[in-house]
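Source file: entry-v8.pdb. Holds: PDB, C-alpha atoms, pLDDT in the B column.
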ATOM      1  CA  MET A   5      57.368  97.603 101.732  1.00 88.00           C
ATOM      2  CA  VAL A   6      54.174  95.646 102.181  1.00 94.00           C
ATOM      3  CA  CYS A   7      52.242  96.593  99.045  1.00 94.00           C
ATOM      4  CA  GLU A   8      48.764  95.735 100.287  1.00 95.00           C
ATOM      5  CA  SER A   9      49.268  97.727 103.474  1.00 95.00           C
ATOM      6  CA  PHE A  10      50.850 100.724 101.744  1.00 96.00           C
ATOM      7  CA  THR A  11      48.296 100.963  98.939  1.00 96.00           C
ATOM      8  CA  GLU A  12      45.412 100.701 101.399  1.00 96.00           C
ATOM      9  CA  PHE A  13      47.037 103.446 103.484  1.00 97.00           C
ATOM     10  CA  ALA A  14      47.659 105.676 100.426  1.00 97.00           C
ATOM     11  CA  LEU A  15      44.114 105.242  99.090  1.00 97.00           C
ATOM     12  CA  HIS A  16      42.627 106.086 102.478  1.00 97.00           C
ATOM     13  CA  ARG A  17      44.791 109.205 102.936  1.00 97.00           C
ATOM     14  CA  ALA A  18      44.077 110.405  99.400  1.00 98.00           C
ATOM     15  CA  GLN A  19      40.345 110.001  99.970  1.00 98.00           C
ATOM     16  CA  ARG A  20      40.517 111.965 103.237  1.00 97.00           C
ATOM     17  CA  LEU A  21      42.403 114.763 101.464  1.00 98.00           C
ATOM     18  CA  ASP A  22      40.054 114.718  98.435  1.00 98.00           C
ATOM     19  CA  LEU A  23      42.882 113.831  96.037  1.00 98.00           C
ATOM     20  CA  GLU A  24      42.719 111.787  92.845  1.00 98.00           C
ATOM     21  CA  ILE A  25      45.017 108.774  93.080  1.00 97.00           C
ATOM     22  CA  SER A  26      46.103 106.000  90.789  1.00 97.00           C
ATOM     23  CA  ILE A  27      48.265 103.151  92.059  1.00 96.00           C
ATOM     24  CA  GLY A  28      50.970 102.019  89.646  1.00 94.00           C
ATOM     25  CA  ALA A  29      53.634  99.425  90.277  1.00 95.00           C
ATOM     26  CA  CYS A  30      54.316  98.190  93.790  1.00 94.00           C
ATOM     27  CA  ASP A  31      56.839  95.659  95.044  1.00 93.00           C
ATOM     28  CA  THR A  32      58.915  95.046  98.144  1.00 91.00           C
ATOM     29  CA  ALA A  33      61.293  97.896  97.211  1.00 91.00           C
ATOM     30  CA  SER A  34      59.050 100.680  95.893  1.00 92.00           C
ATOM     31  CA  ALA A  35      55.626 101.936  94.885  1.00 93.00           C
ATOM     32  CA  THR A  36      54.562 104.290  92.106  1.00 94.00           C
ATOM     33  CA  LEU A  37      51.540 106.527  92.626  1.00 95.00           C
ATOM     34  CA  SER A  38      49.949 109.252  90.544  1.00 95.00           C
ATOM     35  CA  VAL A  39      48.217 111.812  92.756  1.00 96.00           C
ATOM     36  CA  LYS A  40      46.412 114.983  91.632  1.00 96.00           C
ATOM     37  CA  GLY A  41      44.870 117.797  93.627  1.00 96.00           C
ATOM     38  CA  GLN A  42      45.558 121.038  95.458  1.00 96.00           C
ATOM     39  CA  GLU A  43      49.257 121.677  96.070  1.00 94.00           C
ATOM     40  CA  ASP A  44      48.954 122.051  99.852  1.00 97.00           C
ATOM     41  CA  LEU A  45      46.949 118.818 100.069  1.00 97.00           C
ATOM     42  CA  LEU A  46      49.570 117.044  97.967  1.00 96.00           C
ATOM     43  CA  ASP A  47      52.154 118.240 100.507  1.00 95.00           C
ATOM     44  CA  ALA A  48      50.034 116.794 103.314  1.00 97.00           C
ATOM     45  CA  PHE A  49      49.715 113.500 101.412  1.00 97.00           C
ATOM     46  CA  GLU A  50      53.483 113.339 100.926  1.00 94.00           C
ATOM     47  CA  MET A  51      54.017 113.914 104.650  1.00 95.00           C
ATOM     48  CA  ALA A  52      51.495 111.212 105.543  1.00 95.00           C
ATOM     49  CA  CYS A  53      53.215 108.741 103.205  1.00 93.00           C
ATOM     50  CA  SER A  54      56.635 109.565 104.629  1.00 91.00           C
ATOM     51  CA  LEU A  55      55.266 108.479 108.016  1.00 91.00           C
ATOM     52  CA  GLY A  56      53.588 105.563 106.277  1.00 86.00           C
ATOM     53  CA  PRO A  57      51.774 102.611 107.748  1.00 91.00           C
ATOM     54  CA  TYR A  58      53.542 100.895 110.645  1.00 88.00           C
ATOM     55  CA  ASP A  59      54.706  97.954 108.527  1.00 91.00           C
ATOM     56  CA  CYS A  60      56.253 100.015 105.702  1.00 90.00           C
ATOM     57  CA  ILE A  61      59.435 102.047 106.013  1.00 87.00           C
ATOM     58  CA  ILE A  62      59.523 104.924 103.537  1.00 89.00           C
ATOM     59  CA  LEU A  63      63.089 106.096 102.971  1.00 88.00           C
ATOM     60  CA  ASP A  64      62.659 108.407  99.977  1.00 89.00           C
ATOM     61  CA  ILE A  65      59.918 110.148  98.039  1.00 90.00           C
ATOM     62  CA  GLU A  66      60.414 111.443  94.508  1.00 90.00           C
ATOM     63  CA  ARG A  67      57.933 114.006  93.247  1.00 88.00           C
ATOM     64  CA  ALA A  68      57.420 115.112  89.642  1.00 87.00           C
ATOM     65  CA  THR A  69      54.861 117.207  87.817  1.00 83.00           C
ATOM     66  CA  ALA A  70      52.809 115.686  85.024  1.00 68.00           C
TER      67      ALA A  70
END

Output the file's structure in the form of structure tokens.
Amino acid sequence: MVCESFTEFALHRAQRLDLEISIGACDTASATLSVKGQEDLLDAFEMACSLGPYDCIILDIERATA
């Protein structure tokens, strides 16, 4: 995980999908994000993050409701 690359990617995708996003902790092993918006757009955001930027390998995504 390259935090700078992943957070830039996540912020850009969230903006394109008109989602609210807050970046929490990020290190070489994981990142924590809080994302709010329409359910189908959240699904699209999750899919985009699973594909991730080219220099970050996303192995697992955990999703919880607030």

Quiz item: Can you list what the PyMOL selection byres ((chain A and resi 28) around 12) grabs from this structure, as a ChimeraX atom specification?
Solution: /A:7,11,14,25-27,29-31,34-39

Listed atoms of stretch 24-35 of chain A, axis-aligned box, 8 Å per side: centre and edge lengths to one decimal in Å, as lines of an AutoDock Vina configuration file?
center_x = 52.0
center_y = 103.4
center_z = 93.9
size_x = 34.6
size_y = 32.7
size_z = 24.5

Practice problem: For A:Pro57, work out the shell of residues within 7 Å, counting all atoms listed in the file and skipping chain neighbours fewer than 2 positions away, then give it as a list in words. | Solution: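 After dropping sequence-adjacent residues, the list is Ser9, Phe10, Phe13, Leu55, Asp59 and Cys60 of chain A.
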
Save the residues we just selected, C-alpha atoms, as a compact mmCIF listing (two decimals), in the coordinates of the input?
# COMPACT_ATOMS: atom_id res chain seq x y z
CA SER A 9 49.27 97.73 103.47
CA PHE A 10 50.85 100.72 101.74
CA PHE A 13 47.04 103.45 103.48
CA LEU A 55 55.27 108.48 108.02
CA ASP A 59 54.71 97.95 108.53
CA CYS A 60 56.25 100.02 105.70

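Selecting by distance to (42.4, 116.3, 93.5) with a limit of 8 Å and using only C-alpha atoms, one obtains Asp22, Leu23, Glu24, Ile25, Val39, Lys40, Gly41 and Gln42 of chain A.
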
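Using all atoms listed in the file, the shortest contact distance between A:Leu45 and any of A:His16, A:Leu21, A:Thr69, A:Val6 is found at A:Leu21.
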
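Compared by their closest atoms to A:Asp64, and using all atoms listed in the file, the residues A:Asp47, A:Ala18, A:Ala33, A:Glu12 rank with A:Ala33 nearest.
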
Quiz prompt | atom CA of A:Met5 to atom CA of A:Leu46, straight-line distance in Å | solution =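 For atom CA of A:Leu46 relative to atom CA of A:Met5, the distance reads 21.3 Å.
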
Exercise. For atom CA of A:Ala48 and atom CA of A:Ile61, determine how far apart the two atoms are, in Å to one decimal place.
Key: 17.7 Å

Quiz item: What does the distance from atom CA of A:Ile65 to atom CA of A:Glu50 come to in Å, to one decimal?
Solution: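 About the pair atom CA of A:Ile65 and atom CA of A:Glu50: they are 7.7 Å apart.
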
Give me stretch 6-17 of chain A with all heavy atoms filled in, as a PDB file, in the frame of the given file.
ATOM      1  N   VAL A   6      55.273  96.610 102.286  1.00 94.00           N
ATOM      2  CA  VAL A   6      54.174  95.646 102.181  1.00 94.00           C
ATOM      3  C   VAL A   6      53.124  96.317 101.296  1.00 94.00           C
ATOM      4  O   VAL A   6      52.410  97.224 101.740  1.00 94.00           O
ATOM      5  CB  VAL A   6      53.603  95.297 103.576  1.00 94.00           C
ATOM      6  CG1 VAL A   6      52.455  94.322 103.442  1.00 94.00           C
ATOM      7  CG2 VAL A   6      54.698  94.757 104.480  1.00 94.00           C
ATOM      8  N   CYS A   7      53.070  95.900 100.040  1.00 94.00           N
ATOM      9  CA  CYS A   7      52.242  96.593  99.045  1.00 94.00           C
ATOM     10  C   CYS A   7      50.781  96.739  99.454  1.00 94.00           C
ATOM     11  O   CYS A   7      50.209  97.817  99.336  1.00 94.00           O
ATOM     12  CB  CYS A   7      52.337  95.895  97.699  1.00 94.00           C
ATOM     13  SG  CYS A   7      53.929  96.156  96.905  1.00 94.00           S
ATOM     14  N   GLU A   8      50.179  95.672  99.912  1.00 95.00           N
ATOM     15  CA  GLU A   8      48.764  95.735 100.287  1.00 95.00           C
ATOM     16  C   GLU A   8      48.535  96.778 101.387  1.00 95.00           C
ATOM     17  O   GLU A   8      47.613  97.581 101.318  1.00 95.00           O
ATOM     18  CB  GLU A   8      48.274  94.368 100.746  1.00 95.00           C
ATOM     19  CG  GLU A   8      46.798  94.353 101.077  1.00 95.00           C
ATOM     20  CD  GLU A   8      46.330  92.963 101.486  1.00 95.00           C
ATOM     21  OE1 GLU A   8      46.823  91.974 100.937  1.00 95.00           O
ATOM     22  OE2 GLU A   8      45.441  92.903 102.359  1.00 95.00           O
ATOM     23  N   SER A   9      49.387  96.784 102.367  1.00 95.00           N
ATOM     24  CA  SER A   9      49.268  97.727 103.474  1.00 95.00           C
ATOM     25  C   SER A   9      49.488  99.164 102.999  1.00 95.00           C
ATOM     26  O   SER A   9      48.730 100.074 103.339  1.00 95.00           O
ATOM     27  CB  SER A   9      50.274  97.366 104.565  1.00 95.00           C
ATOM     28  OG  SER A   9      50.209  98.273 105.629  1.00 95.00           O
ATOM     29  N   PHE A  10      50.538  99.370 102.195  1.00 96.00           N
ATOM     30  CA  PHE A  10      50.850 100.724 101.744  1.00 96.00           C
ATOM     31  C   PHE A  10      49.774 101.264 100.817  1.00 96.00           C
ATOM     32  O   PHE A  10      49.356 102.411 100.951  1.00 96.00           O
ATOM     33  CB  PHE A  10      52.217 100.784 101.057  1.00 96.00           C
ATOM     34  CG  PHE A  10      52.550 102.184 100.630  1.00 96.00           C
ATOM     35  CD1 PHE A  10      52.952 103.124 101.569  1.00 96.00           C
ATOM     36  CD2 PHE A  10      52.426 102.577  99.313  1.00 96.00           C
ATOM     37  CE1 PHE A  10      53.223 104.429 101.188  1.00 96.00           C
ATOM     38  CE2 PHE A  10      52.697 103.867  98.924  1.00 96.00           C
ATOM     39  CZ  PHE A  10      53.104 104.805  99.864  1.00 96.00           C
ATOM     40  N   THR A  11      49.310 100.460  99.863  1.00 96.00           N
ATOM     41  CA  THR A  11      48.296 100.963  98.939  1.00 96.00           C
ATOM     42  C   THR A  11      46.985 101.258  99.660  1.00 96.00           C
ATOM     43  O   THR A  11      46.324 102.255  99.355  1.00 96.00           O
ATOM     44  CB  THR A  11      48.075  99.997  97.751  1.00 96.00           C
ATOM     45  OG1 THR A  11      47.741  98.705  98.239  1.00 96.00           O
ATOM     46  CG2 THR A  11      49.309  99.913  96.879  1.00 96.00           C
ATOM     47  N   GLU A  12      46.621 100.429 100.609  1.00 96.00           N
ATOM     48  CA  GLU A  12      45.412 100.701 101.399  1.00 96.00           C
ATOM     49  C   GLU A  12      45.568 102.024 102.163  1.00 96.00           C
ATOM     50  O   GLU A  12      44.663 102.849 102.189  1.00 96.00           O
ATOM     51  CB  GLU A  12      45.162  99.558 102.379  1.00 96.00           C
ATOM     52  CG  GLU A  12      43.905  99.719 103.207  1.00 96.00           C
ATOM     53  CD  GLU A  12      43.697  98.554 104.157  1.00 96.00           C
ATOM     54  OE1 GLU A  12      43.989  97.405 103.773  1.00 96.00           O
ATOM     55  OE2 GLU A  12      43.247  98.813 105.282  1.00 96.00           O
ATOM     56  N   PHE A  13      46.728 102.214 102.756  1.00 97.00           N
ATOM     57  CA  PHE A  13      47.037 103.446 103.484  1.00 97.00           C
ATOM     58  C   PHE A  13      46.966 104.658 102.546  1.00 97.00           C
ATOM     59  O   PHE A  13      46.329 105.660 102.847  1.00 97.00           O
ATOM     60  CB  PHE A  13      48.443 103.321 104.086  1.00 97.00           C
ATOM     61  CG  PHE A  13      48.935 104.546 104.791  1.00 97.00           C
ATOM     62  CD1 PHE A  13      48.648 104.754 106.134  1.00 97.00           C
ATOM     63  CD2 PHE A  13      49.710 105.488 104.132  1.00 97.00           C
ATOM     64  CE1 PHE A  13      49.114 105.885 106.791  1.00 97.00           C
ATOM     65  CE2 PHE A  13      50.178 106.609 104.778  1.00 97.00           C
ATOM     66  CZ  PHE A  13      49.881 106.808 106.109  1.00 97.00           C
ATOM     67  N   ALA A  14      47.621 104.564 101.381  1.00 97.00           N
ATOM     68  CA  ALA A  14      47.659 105.676 100.426  1.00 97.00           C
ATOM     69  C   ALA A  14      46.264 106.010  99.907  1.00 97.00           C
ATOM     70  O   ALA A  14      45.890 107.191  99.816  1.00 97.00           O
ATOM     71  CB  ALA A  14      48.594 105.336  99.269  1.00 97.00           C
ATOM     72  N   LEU A  15      45.479 105.003  99.571  1.00 97.00           N
ATOM     73  CA  LEU A  15      44.114 105.242  99.090  1.00 97.00           C
ATOM     74  C   LEU A  15      43.266 105.935 100.157  1.00 97.00           C
ATOM     75  O   LEU A  15      42.509 106.866  99.856  1.00 97.00           O
ATOM     76  CB  LEU A  15      43.466 103.925  98.663  1.00 97.00           C
ATOM     77  CG  LEU A  15      44.023 103.296  97.388  1.00 97.00           C
ATOM     78  CD1 LEU A  15      43.506 101.871  97.241  1.00 97.00           C
ATOM     79  CD2 LEU A  15      43.672 104.129  96.175  1.00 97.00           C
ATOM     80  N   HIS A  16      43.391 105.485 101.383  1.00 97.00           N
ATOM     81  CA  HIS A  16      42.627 106.086 102.478  1.00 97.00           C
ATOM     82  C   HIS A  16      43.025 107.547 102.695  1.00 97.00           C
ATOM     83  O   HIS A  16      42.170 108.418 102.841  1.00 97.00           O
ATOM     84  CB  HIS A  16      42.822 105.272 103.757  1.00 97.00           C
ATOM     85  CG  HIS A  16      42.033 105.798 104.904  1.00 97.00           C
ATOM     86  ND1 HIS A  16      42.598 106.553 105.905  1.00 97.00           N
ATOM     87  CD2 HIS A  16      40.721 105.691 105.203  1.00 97.00           C
ATOM     88  CE1 HIS A  16      41.657 106.893 106.766  1.00 97.00           C
ATOM     89  NE2 HIS A  16      40.508 106.375 106.361  1.00 97.00           N
ATOM     90  N   ARG A  17      44.323 107.830 102.725  1.00 97.00           N
ATOM     91  CA  ARG A  17      44.791 109.205 102.936  1.00 97.00           C
ATOM     92  C   ARG A  17      44.375 110.115 101.788  1.00 97.00           C
ATOM     93  O   ARG A  17      43.966 111.244 101.994  1.00 97.00           O
ATOM     94  CB  ARG A  17      46.307 109.262 103.113  1.00 97.00           C
ATOM     95  CG  ARG A  17      46.808 108.641 104.404  1.00 97.00           C
ATOM     96  CD  ARG A  17      46.126 109.271 105.627  1.00 97.00           C
ATOM     97  NE  ARG A  17      46.577 108.699 106.875  1.00 97.00           N
ATOM     98  CZ  ARG A  17      46.101 107.609 107.438  1.00 97.00           C
ATOM     99  NH1 ARG A  17      45.157 106.921 106.852  1.00 97.00           N
ATOM    100  NH2 ARG A  17      46.554 107.191 108.603  1.00 97.00           N
TER     101      ARG A  17
END
